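File shown here: query.cif, holding mmCIF, C-alpha atoms.
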data_model
#
loop_
_atom_site.label_atom_id
_atom_site.label_comp_id
_atom_site.auth_asym_id
_atom_site.auth_seq_id
_atom_site.Cartn_x
_atom_site.Cartn_y
_atom_site.Cartn_z
CA MET A 1410 29.32 60.28 -9.94
CA SER A 1411 29.69 63.89 -10.88
CA ALA A 1412 27.13 66.54 -10.12
CA LEU A 1413 26.09 66.55 -13.76
CA THR A 1414 25.34 62.84 -13.89
CA THR A 1415 23.73 62.90 -10.47
CA GLY A 1416 21.53 65.79 -11.54
CA ALA A 1417 20.74 64.15 -14.87
CA GLY A 1418 19.73 60.91 -13.18
CA ALA A 1419 17.60 62.68 -10.64
CA GLY A 1420 16.07 64.84 -13.36
CA ALA A 1421 15.23 61.82 -15.51
CA VAL A 1422 13.45 60.14 -12.63
CA LEU A 1423 11.74 63.43 -11.80
CA GLY A 1424 10.55 63.78 -15.39
CA LEU A 1425 9.08 60.30 -15.26
CA VAL A 1426 7.50 60.98 -11.89
CA PHE A 1427 6.09 64.28 -13.13
CA VAL A 1428 4.32 62.67 -16.09
CA LEU A 1429 2.90 59.83 -14.01
CA LEU A 1430 1.86 62.17 -11.22
CA ALA A 1431 0.21 64.55 -13.66
CA GLN A 1432 -1.77 61.61 -14.99
CA GLN A 1433 -2.72 60.52 -11.50
CA LEU A 1434 -3.87 64.03 -10.64
CA SER A 1435 -5.89 64.25 -13.87
CA LEU A 1436 -3.76 67.10 -15.18
CA ILE A 1437 -3.23 65.10 -18.33
CA VAL A 1438 -5.40 62.34 -19.73
CA VAL A 1439 -3.48 59.87 -21.84
CA ILE A 1440 -5.63 57.54 -23.87
CA ASP A 1441 -3.38 55.55 -26.17
CA LEU A 1442 -0.07 53.85 -25.60
CA GLY A 1443 1.83 55.80 -28.26
CA THR A 1444 0.99 59.12 -26.69
CA ALA A 1445 1.88 57.72 -23.28
CA MET A 1446 5.29 56.64 -24.49
CA VAL A 1447 5.89 60.04 -26.08
CA TYR A 1448 4.97 61.77 -22.82
CA LEU A 1449 7.22 59.48 -20.79
CA VAL A 1450 10.22 59.72 -23.11
CA VAL A 1451 9.91 63.49 -23.42
CA GLY A 1452 9.59 63.74 -19.64
CA ILE A 1453 12.70 61.63 -19.11
CA ILE A 1454 14.78 63.52 -21.67
CA LEU A 1455 13.66 66.96 -20.53
CA GLY A 1456 14.18 66.00 -16.91
CA ALA A 1457 17.64 64.63 -17.62
CA VAL A 1458 18.69 67.76 -19.52
CA ILE A 1459 17.31 70.19 -16.95
CA GLY A 1460 18.55 68.06 -14.06
CA GLY A 1461 22.00 67.76 -15.58
CA ALA A 1462 22.21 71.51 -16.11
CA LEU A 1463 21.01 72.18 -12.59
CA GLY A 1464 23.37 69.61 -11.14
CA SER A 1465 26.31 71.04 -13.01
CA LEU A 1466 25.37 74.55 -11.91
CA LEU A 1467 24.95 73.49 -8.32
CA GLY A 1468 28.21 71.58 -8.42
CA ARG A 1469 30.12 74.60 -9.69
CA ARG A 1470 28.45 76.92 -7.25
CA TYR A 1471 29.02 74.64 -4.33
CA ARG A 1472 32.62 74.07 -5.31
CA SER A 1473 33.37 77.74 -5.73
CA ARG A 1474 31.60 78.62 -2.51
CA HIS A 1475 33.26 75.78 -0.66
CA LEU A 1476 36.69 76.65 -1.94
CA SER A 1477 36.24 80.34 -1.23
CA SER A 1478 35.01 79.65 2.28
CA SER A 1479 37.73 77.12 3.02
CA GLY A 1480 40.42 79.37 1.55
CA PRO A 1481 41.13 81.54 4.59
CA THR A 1482 41.13 78.58 6.96
CA SER A 1483 43.57 76.49 4.97
CA PRO A 1484 47.18 77.49 5.17
CA ALA A 1485 47.93 77.02 1.48
CA PRO A 1486 45.95 78.32 -1.52
CA PRO A 1487 43.68 75.48 -2.63
CA VAL A 1488 43.74 76.09 -6.38
CA SER A 1489 46.85 75.43 -8.32
CA PRO A 1490 46.88 76.29 -11.99
CA MET B 81 35.72 52.29 -3.85
CA SER B 82 33.41 54.98 -2.56
CA GLU B 83 31.49 55.17 -5.84
CA HIS B 84 29.82 51.82 -5.45
CA PRO B 85 27.53 52.74 -2.51
CA VAL B 86 26.67 56.02 -4.21
CA GLY B 87 25.88 54.19 -7.42
CA ARG B 88 23.67 51.75 -5.58
CA ARG B 89 21.94 54.61 -3.84
CA ARG B 90 21.24 56.20 -7.21
CA LEU B 91 20.12 52.91 -8.69
CA LEU B 92 17.46 52.33 -6.07
CA PRO B 93 15.09 55.21 -6.98
CA ALA B 94 15.69 54.62 -10.68
CA ALA B 95 14.80 50.96 -10.28
CA LEU B 96 11.78 51.97 -8.23
CA ALA B 97 10.64 54.34 -10.95
CA VAL B 98 11.08 51.70 -13.65
CA ALA B 99 9.20 49.16 -11.55
CA LEU B 100 6.43 51.68 -11.06
CA VAL B 101 6.16 52.24 -14.79
CA ILE B 102 6.06 48.51 -15.40
CA VAL B 103 3.38 48.06 -12.77
CA LEU B 104 1.36 50.85 -14.30
CA ILE B 105 1.87 49.89 -17.91
CA VAL B 106 1.48 46.13 -17.63
CA PRO B 107 -2.21 45.27 -17.50
CA VAL B 108 -3.28 44.38 -14.02
CA GLY B 109 -6.52 42.76 -14.99
CA SER B 110 -6.14 40.23 -12.23
CA ALA B 111 -6.43 43.04 -9.70
CA ALA B 112 -9.53 44.32 -11.35
CA PRO B 113 -13.03 43.30 -10.47
CA ALA B 114 -13.49 39.84 -11.85
CA ARG B 115 -16.07 38.72 -14.27
CA SER B 116 -19.35 38.14 -12.65
CA SER B 117 -22.75 37.10 -13.66
CA GLY B 118 -24.97 40.03 -13.09
CA SER B 119 -28.64 39.88 -13.70
CA LEU B 120 -29.20 39.43 -17.35
CA ARG B 121 -32.51 39.87 -19.04
CA TRP B 122 -32.62 38.53 -22.49
CA VAL B 123 -35.11 38.57 -25.31
CA PRO B 124 -34.33 35.37 -27.19
CA ASP B 125 -34.79 34.71 -30.83
CA SER B 126 -33.81 31.79 -32.98
CA THR B 127 -31.87 33.28 -35.86
CA ALA B 128 -28.32 34.51 -35.49
CA ALA B 129 -26.77 37.09 -37.72
CA ASN B 130 -23.93 39.51 -37.41
CA ALA B 131 -25.66 42.79 -37.94
CA GLN B 132 -24.93 46.21 -36.62
CA VAL B 133 -26.25 46.97 -33.18
CA GLN B 134 -27.59 50.19 -31.80
CA ALA B 135 -27.13 50.53 -28.10
CA THR B 136 -27.49 52.89 -25.19
CA VAL B 137 -25.63 52.43 -21.94
CA THR B 138 -26.57 54.13 -18.70
CA TRP B 139 -24.37 54.70 -15.65
CA ASN B 140 -26.61 54.97 -12.62
CA GLY B 141 -29.36 56.16 -14.94
CA GLN B 142 -27.25 58.67 -16.87
CA ASN B 143 -26.36 58.08 -20.46
CA ILE B 144 -22.64 57.51 -20.87
CA SER B 145 -22.59 59.99 -23.73
CA HIS B 146 -22.69 62.65 -21.01
CA ALA B 147 -19.19 61.55 -20.02
CA SER B 148 -17.69 61.53 -23.48
CA SER B 149 -14.94 63.98 -22.51
CA ALA B 150 -12.30 63.72 -19.83
CA GLY B 151 -13.63 66.73 -17.97
CA SER B 152 -17.11 65.33 -17.61
CA GLY B 153 -16.23 61.82 -16.46
CA PHE B 154 -18.32 59.90 -13.98
CA ASP B 155 -17.03 59.61 -10.44
CA LEU B 156 -15.80 56.16 -9.58
CA GLY B 157 -14.84 56.14 -5.96
CA TYR B 158 -14.07 53.54 -3.38
CA GLY B 159 -17.19 51.63 -2.38
CA THR B 160 -19.42 53.31 -4.90
CA ASN B 161 -22.12 51.03 -6.26
CA ILE B 162 -22.74 51.54 -9.92
CA ASP B 163 -25.55 50.12 -11.97
CA ILE B 164 -24.65 49.93 -15.62
CA ARG B 165 -27.35 48.96 -18.02
CA PHE B 166 -26.98 48.14 -21.69
CA TYR B 167 -30.04 48.69 -23.90
CA TRP B 168 -29.42 47.36 -27.36
CA SER B 169 -31.42 46.70 -30.45
CA ALA B 170 -30.85 45.59 -33.97
CA PRO B 171 -32.00 47.86 -36.77
CA ALA B 172 -35.54 47.13 -37.84
CA THR B 173 -34.50 45.91 -41.24
CA SER B 174 -31.72 43.62 -40.09
CA ALA B 175 -31.69 40.07 -38.85
CA PRO B 176 -31.45 39.22 -35.13
CA VAL B 177 -28.06 39.72 -33.52
CA PRO B 178 -26.10 37.18 -31.41
CA VAL B 179 -25.07 39.52 -28.62
CA GLU B 180 -23.37 37.32 -26.04
CA THR B 181 -21.31 39.55 -23.79
CA ALA B 182 -21.55 43.06 -22.41
CA ARG B 183 -18.13 44.36 -21.45
CA LEU B 184 -16.67 47.30 -19.62
CA GLN B 185 -12.96 47.81 -20.00
CA MET B 186 -10.90 50.50 -18.29
CA PHE B 187 -7.74 51.75 -19.94
CA PHE B 188 -4.61 53.23 -18.44
CA MET B 189 -2.34 54.84 -21.01
CA GLY B 190 -3.88 52.75 -23.75
CA LEU B 191 -3.69 49.41 -21.96
CA GLY B 192 -6.59 47.65 -20.34
CA ILE B 193 -6.27 47.48 -16.58
CA ALA B 194 -9.74 46.32 -15.63
CA THR B 195 -12.36 44.29 -17.44
CA ARG B 196 -15.80 43.37 -16.36
CA ASP B 197 -18.05 41.11 -18.38
CA VAL B 198 -21.59 39.89 -18.19
CA ARG B 199 -22.04 36.87 -20.35
CA GLN B 200 -25.14 35.15 -21.58
CA ASP B 201 -24.90 31.41 -21.02
CA HIS B 202 -27.00 30.38 -23.98
CA PRO B 203 -26.64 33.06 -26.59
CA ALA B 204 -29.26 33.32 -29.21
CA GLY B 205 -30.07 35.85 -31.80
CA ALA B 206 -32.40 38.60 -30.77
CA THR B 207 -33.56 41.92 -32.03
CA ASN B 208 -33.22 43.76 -28.73
CA GLY B 209 -32.28 43.23 -25.13
CA THR B 210 -31.22 44.68 -21.84
CA ILE B 211 -28.13 43.66 -19.89
CA ASP B 212 -27.49 44.75 -16.32
CA LEU B 213 -23.96 45.02 -15.03
CA ALA B 214 -23.73 45.85 -11.36
CA TRP B 215 -20.33 47.17 -10.32
CA SER B 216 -19.47 47.67 -6.70
CA GLY B 217 -16.87 50.35 -7.13
CA ALA B 218 -13.37 50.04 -8.43
CA GLY B 219 -12.30 47.39 -5.94
CA ILE B 220 -8.62 47.17 -5.20
CA LEU B 221 -7.82 49.63 -7.98
CA ALA B 222 -9.17 52.42 -5.79
CA TYR B 223 -6.29 51.77 -3.40
CA LEU B 224 -3.75 51.77 -6.20
CA ILE B 225 -4.49 54.55 -8.63
CA GLU B 226 -6.53 57.66 -9.13
CA GLY B 227 -7.06 59.98 -12.04
CA THR B 228 -9.17 60.10 -15.15
CA TYR B 229 -9.41 56.98 -17.26
CA GLN B 230 -11.10 55.97 -20.44
CA VAL B 231 -13.66 53.19 -20.27
CA THR B 232 -15.05 51.34 -23.25
CA ALA B 233 -18.49 49.80 -23.11
CA SER B 234 -18.95 47.18 -25.76
CA LEU B 235 -21.22 44.39 -26.87
CA LEU B 236 -19.57 41.23 -28.20
CA ASP B 237 -20.76 38.21 -30.04
CA GLY B 238 -19.72 34.60 -29.36
CA ASN B 239 -16.39 35.06 -31.12
CA SER B 240 -15.58 38.08 -28.97
CA THR B 241 -16.07 40.28 -32.00
CA SER B 242 -17.19 43.72 -31.09
CA LEU B 243 -20.65 44.49 -32.36
CA TRP B 244 -20.88 47.89 -30.77
CA SER B 245 -18.70 50.02 -28.53
CA GLU B 246 -18.61 53.48 -27.03
CA ASN B 247 -15.97 55.27 -25.01
CA PHE B 248 -16.52 57.36 -21.96
CA TYR B 249 -14.49 58.57 -19.01
CA VAL B 250 -14.47 57.92 -15.30
CA LYS B 251 -12.66 59.81 -12.61
CA MET B 252 -11.28 57.50 -9.97
CA THR B 253 -10.93 58.91 -6.51
CA ALA B 254 -8.92 57.21 -3.82
CA PRO B 255 -10.24 56.59 -0.31
CA GLY B 256 -9.99 59.91 1.47
CA GLU B 257 -9.15 61.54 -1.89
CA ILE B 258 -5.44 60.89 -1.38
CA PHE B 259 -4.78 57.41 -0.05
CA ALA B 260 -3.88 55.67 -3.25
CA LEU B 261 -0.59 53.87 -3.35
CA VAL B 262 0.80 55.04 -6.67
CA PRO B 263 0.46 58.83 -6.12
CA ILE B 264 1.97 58.49 -2.66
CA VAL B 265 4.94 56.52 -3.97
CA LEU B 266 5.35 59.02 -6.78
CA LEU B 267 5.31 61.95 -4.36
CA VAL B 268 7.87 60.31 -2.07
CA LEU B 269 10.06 59.45 -5.04
CA GLY B 270 9.78 63.01 -6.37
CA VAL B 271 10.78 64.55 -3.04
CA TYR B 272 13.70 62.13 -2.75
CA GLU B 273 14.92 63.03 -6.21
CA LEU B 274 14.53 66.74 -5.57
CA VAL B 275 16.65 66.44 -2.44
CA SER B 276 19.15 64.35 -4.36
CA LEU B 277 19.29 66.97 -7.09
CA ALA B 278 19.74 69.77 -4.59
CA ARG B 279 22.59 67.89 -2.93
CA SER B 280 24.32 66.90 -6.15
CA GLY B 281 26.80 69.76 -5.88
CA ARG B 282 27.72 68.86 -2.35
CA ARG B 283 28.09 65.22 -3.36
CA GLU B 284 30.55 66.09 -6.08
CA ALA B 285 32.45 68.44 -3.81
CA SER B 286 32.74 65.75 -1.17
CA ARG B 287 33.92 63.31 -3.82
CA GLU B 288 36.51 65.65 -5.27
CA LYS B 289 38.09 67.15 -2.22
CA PRO B 290 40.74 69.75 -2.84
CA PRO B 291 44.27 68.48 -2.30
CA LYS B 292 45.28 68.93 1.25
CA PRO B 293 48.44 70.81 1.95
CA GLY B 294 50.03 68.00 3.92
CA GLN B 295 49.55 65.47 1.13
CA GLY B 296 51.85 65.21 -1.78
CA ALA B 297 51.25 63.90 -5.25
CA SER B 298 50.63 60.36 -4.04
CA PRO B 299 47.62 59.98 -1.80
CA GLY B 300 47.98 57.29 0.78
CA PRO B 301 45.78 54.26 0.31
CA GLU B 302 45.05 53.93 3.97
CA GLY B 303 42.82 56.07 6.09
CA ALA B 304 45.66 56.56 8.54
CA THR B 305 47.07 59.38 6.45
CA SER B 306 44.14 61.60 7.25
CA SER B 307 44.59 61.20 10.96
CA GLY B 308 48.31 61.20 11.24
CA ALA B 309 49.66 63.38 8.49
CA SER B 310 48.01 66.71 8.98
CA PRO B 311 45.71 67.29 11.89
CA GLY B 312 45.06 70.81 10.75
CA ALA B 313 43.67 69.67 7.43
CA LYS B 314 41.08 67.51 9.13
CA GLU B 315 39.54 70.56 10.66
CA SER B 316 38.45 71.90 7.28
CA VAL B 317 36.63 68.72 6.26
CA PRO B 318 33.49 69.09 8.42
CA THR B 319 32.46 72.19 6.51
CA THR B 320 31.35 69.95 3.66
CA GLY B 321 28.95 67.95 5.74
CA LYS B 322 28.56 65.63 8.61
CA GLY B 323 29.70 62.43 7.01
CA GLY B 324 32.61 63.45 4.82
CA SER B 325 35.02 60.59 5.28
CA PRO B 326 34.54 58.22 8.15
#
As C-alpha cells, what does this structure read like?
Amino acid sequence: MSALTTGAGAGAVLGLVFVLLAQQLSLIVVIDLGTAMVYLVVGIILGAVIGGALGSLLGRRYRSRHLSSSGPTSPAPPVSP
Amino acid sequence: MSEHPVGRRRLLPAALAVALVIVLIVPVGSAAPARSSGSLRWVPDSTAANAQVQATVTWNGQNISHASSAGSGFDLGYGTNIDIRFYWSAPATSAPVPVETARLQMFFMGLGIATRDVRQDHPAGATNGTIDLAWSGAGILAYLIEGTYQVTASLLDGNSTSLWSENFYVKMTAPGEIFALVPIVLLVLGVYELVSLARSGRREASREKPPKPGQGASPGPEGATSSGASPGAKESVPTTGKGGSP
C-alpha cells in the first residue's frame, strides 16, 4: 500500500470516527437517518481526501528526508534518473 | 508477499469501524429496558372512538416540553430513577378514546434503540386518564453509549396507531462520565488511525527501498542476498525503523 492509500484509508476511518465521536460527545445531535447518513458519508469522503493528501505529503517528505540522510552513508548516489 | 500482512492490518480497524457503525445503526432494542407493567391508573368508559388526544407528560415532575431542544435535554444517567407520567384527555366534544399503550422510544440517528411500553390489559374507551411509567435509568445502554438523544413519548390505541406523540431530548451520561464502551472504542480507534496516518510515509519508504548498490537489475528472491551480497548496504537499513526486513 502506498502512503496515499494508507493515508486515505486512515482518513476515511478517522472521518467516520470523528462523526460518531462528535455525536457521542453531544457536539452534534442527529435526529433522522438521512441526516446521519449524510454526516457519515461526508465524514468518510472528507477524511479520505484529507488523509490521502496528508499521507502523500508525508510519504514524499519522508522519502526525500530518508534519501537525503542516507545519501552520504551510501557509496553510490541513490537516485538514478 | 509483504503486502498481505499490511493489508490485513489495515483491514482490521476498517472492519472494526464498520462493525461499530452497524452496532450503532442497527436497533438494539433487545438491549434496552424491556417492556414492563408499571402502575397504571385508568378511568374506564364503555365507548371506543378514535379521536384526537390531548396529553401532558412529566419527567420527574417536569413537563417534557421543557426539554424540547437538544441543549435542554433531561439527564439520563446510570442508575437514575425516572418517573414518567402521562396525563391525557379527550377533547370535551369528542367521544371517548381507546388509549391502550403509553410508549417511550429513544432514537439514535433516526433509528429506535430503546422502547419502553406500559400497556393496559383491558383497554376501554375513556375521556381521560393517567399512566405511570417508572424507568430505572438507561440500563445497559448507559454502559454502551452517551450523548444527546431524541425520545418520543406517544399514546397508542389497540392497533398501535399513534393517537398523540411529542418529542423531547435526553442527555445520557455514562458511569463516571466516561466509561461507556462506544466512546472508548472510538477514541482508541481514532488514536490508532492517527498513528497509522503519521507513519504512512515511513511505511511507503520501507516498502519501496532505494536500490542498493550491490544489487543489480534482478533482485534475488531469497533473503540470503541481503546478508551475503553487500554487508555495507545492510547498515543503512536500520535508519528506516526497527523492523525493516527481518
Can you translate the PyMOL selection byres ((chain A) within 6 of (chain B)) into the concrete residues it hits in this file, as a list in words?
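When the PyMOL selection byres ((chain A) within 6 of (chain B)) is applied, the selected residues are Ser1411, Ala1412, Thr1415, Gly1416, Ala1419, Leu1423, Val1426, Gln1433, Leu1434, Ser1435, Val1439, Ile1440, Asp1441, Leu1442, Ala1445, Gly1464, Leu1467, Gly1468, Tyr1471 and Arg1472 of chain A.
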Given the file shown, determine the residues that the PyMOL selection byres ((chain A and resi 1453) around 12) selects; report them as a ChimeraX atom specification.
/A:1417-1429,1446-1452,1454-1461 /B:94,97-98
Kindly indicate which residue among B:Thr207, B:Ser148, B:Asn143, B:Ser245 lies nearest to Pro178 in chain B, using all atoms listed in the file for the distances.
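Nearest candidate to Pro178 in chain B out of B:Thr207, B:Ser148, B:Asn143, B:Ser245: B:Thr207.
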Hey, can you check how far CA of Glu180 in chain B sits from CA of Gln134 in chain B?
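Interatomic distance here is 14.7 Å.
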Report the residues retrieved by the PyMOL selection byres ((chain B and resi 236) around 6) from the displayed file, expressed as a JSON list (two decimals) with C-alpha atoms, in the coordinates of the input.
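What ended up in expr_9.json:
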[["chain", "number", "residue", "atom", "x", "y", "z"],
["B", 179, "VAL", "CA", -25.07, 39.52, -28.62],
["B", 180, "GLU", "CA", -23.37, 37.32, -26.04],
["B", 181, "THR", "CA", -21.31, 39.55, -23.79],
["B", 235, "LEU", "CA", -21.22, 44.39, -26.87],
["B", 237, "ASP", "CA", -20.76, 38.21, -30.04],
["B", 240, "SER", "CA", -15.58, 38.08, -28.97],
["B", 241, "THR", "CA", -16.07, 40.28, -32.00],
["B", 242, "SER", "CA", -17.19, 43.72, -31.09],
["B", 243, "LEU", "CA", -20.65, 44.49, -32.36]]
So what do you get for CA of Ala206 in chain B versus CA of Ile162 in chain B, distance-wise?
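CA of Ile162 in chain B lies at a distance of 26.4 Å from CA of Ala206 in chain B.
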Distance in Å - CA of Thr136 in chain B versus CA of Arg165 in chain B:
8.2 Å
Using only C-alpha atoms, pick whichever of B:Gly209, B:Gly238, B:Gly192, B:Gly153 has the shortest atom-to-atom distance to Trp168 in chain B.
B:Gly209
Nearest residue to Leu156 in chain B from the set B:Asn208, B:Asn140, B:Asn239, B:Val177 (distances using only C-alpha atoms):
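Counting only C-alpha atoms, the residue closest to Leu156 in chain B is B:Asn140.
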Each side padded by 4 Å, which centre and which edge lengths in Å (one decimal) define the axis-aligned box around the listed atoms of range 1458-1461 of chain A? Give them as AutoDock Vina command-line options.
--center_x 19.7 --center_y 69.0 --center_z -16.8 --size_x 12.7 --size_y 10.4 --size_z 13.5
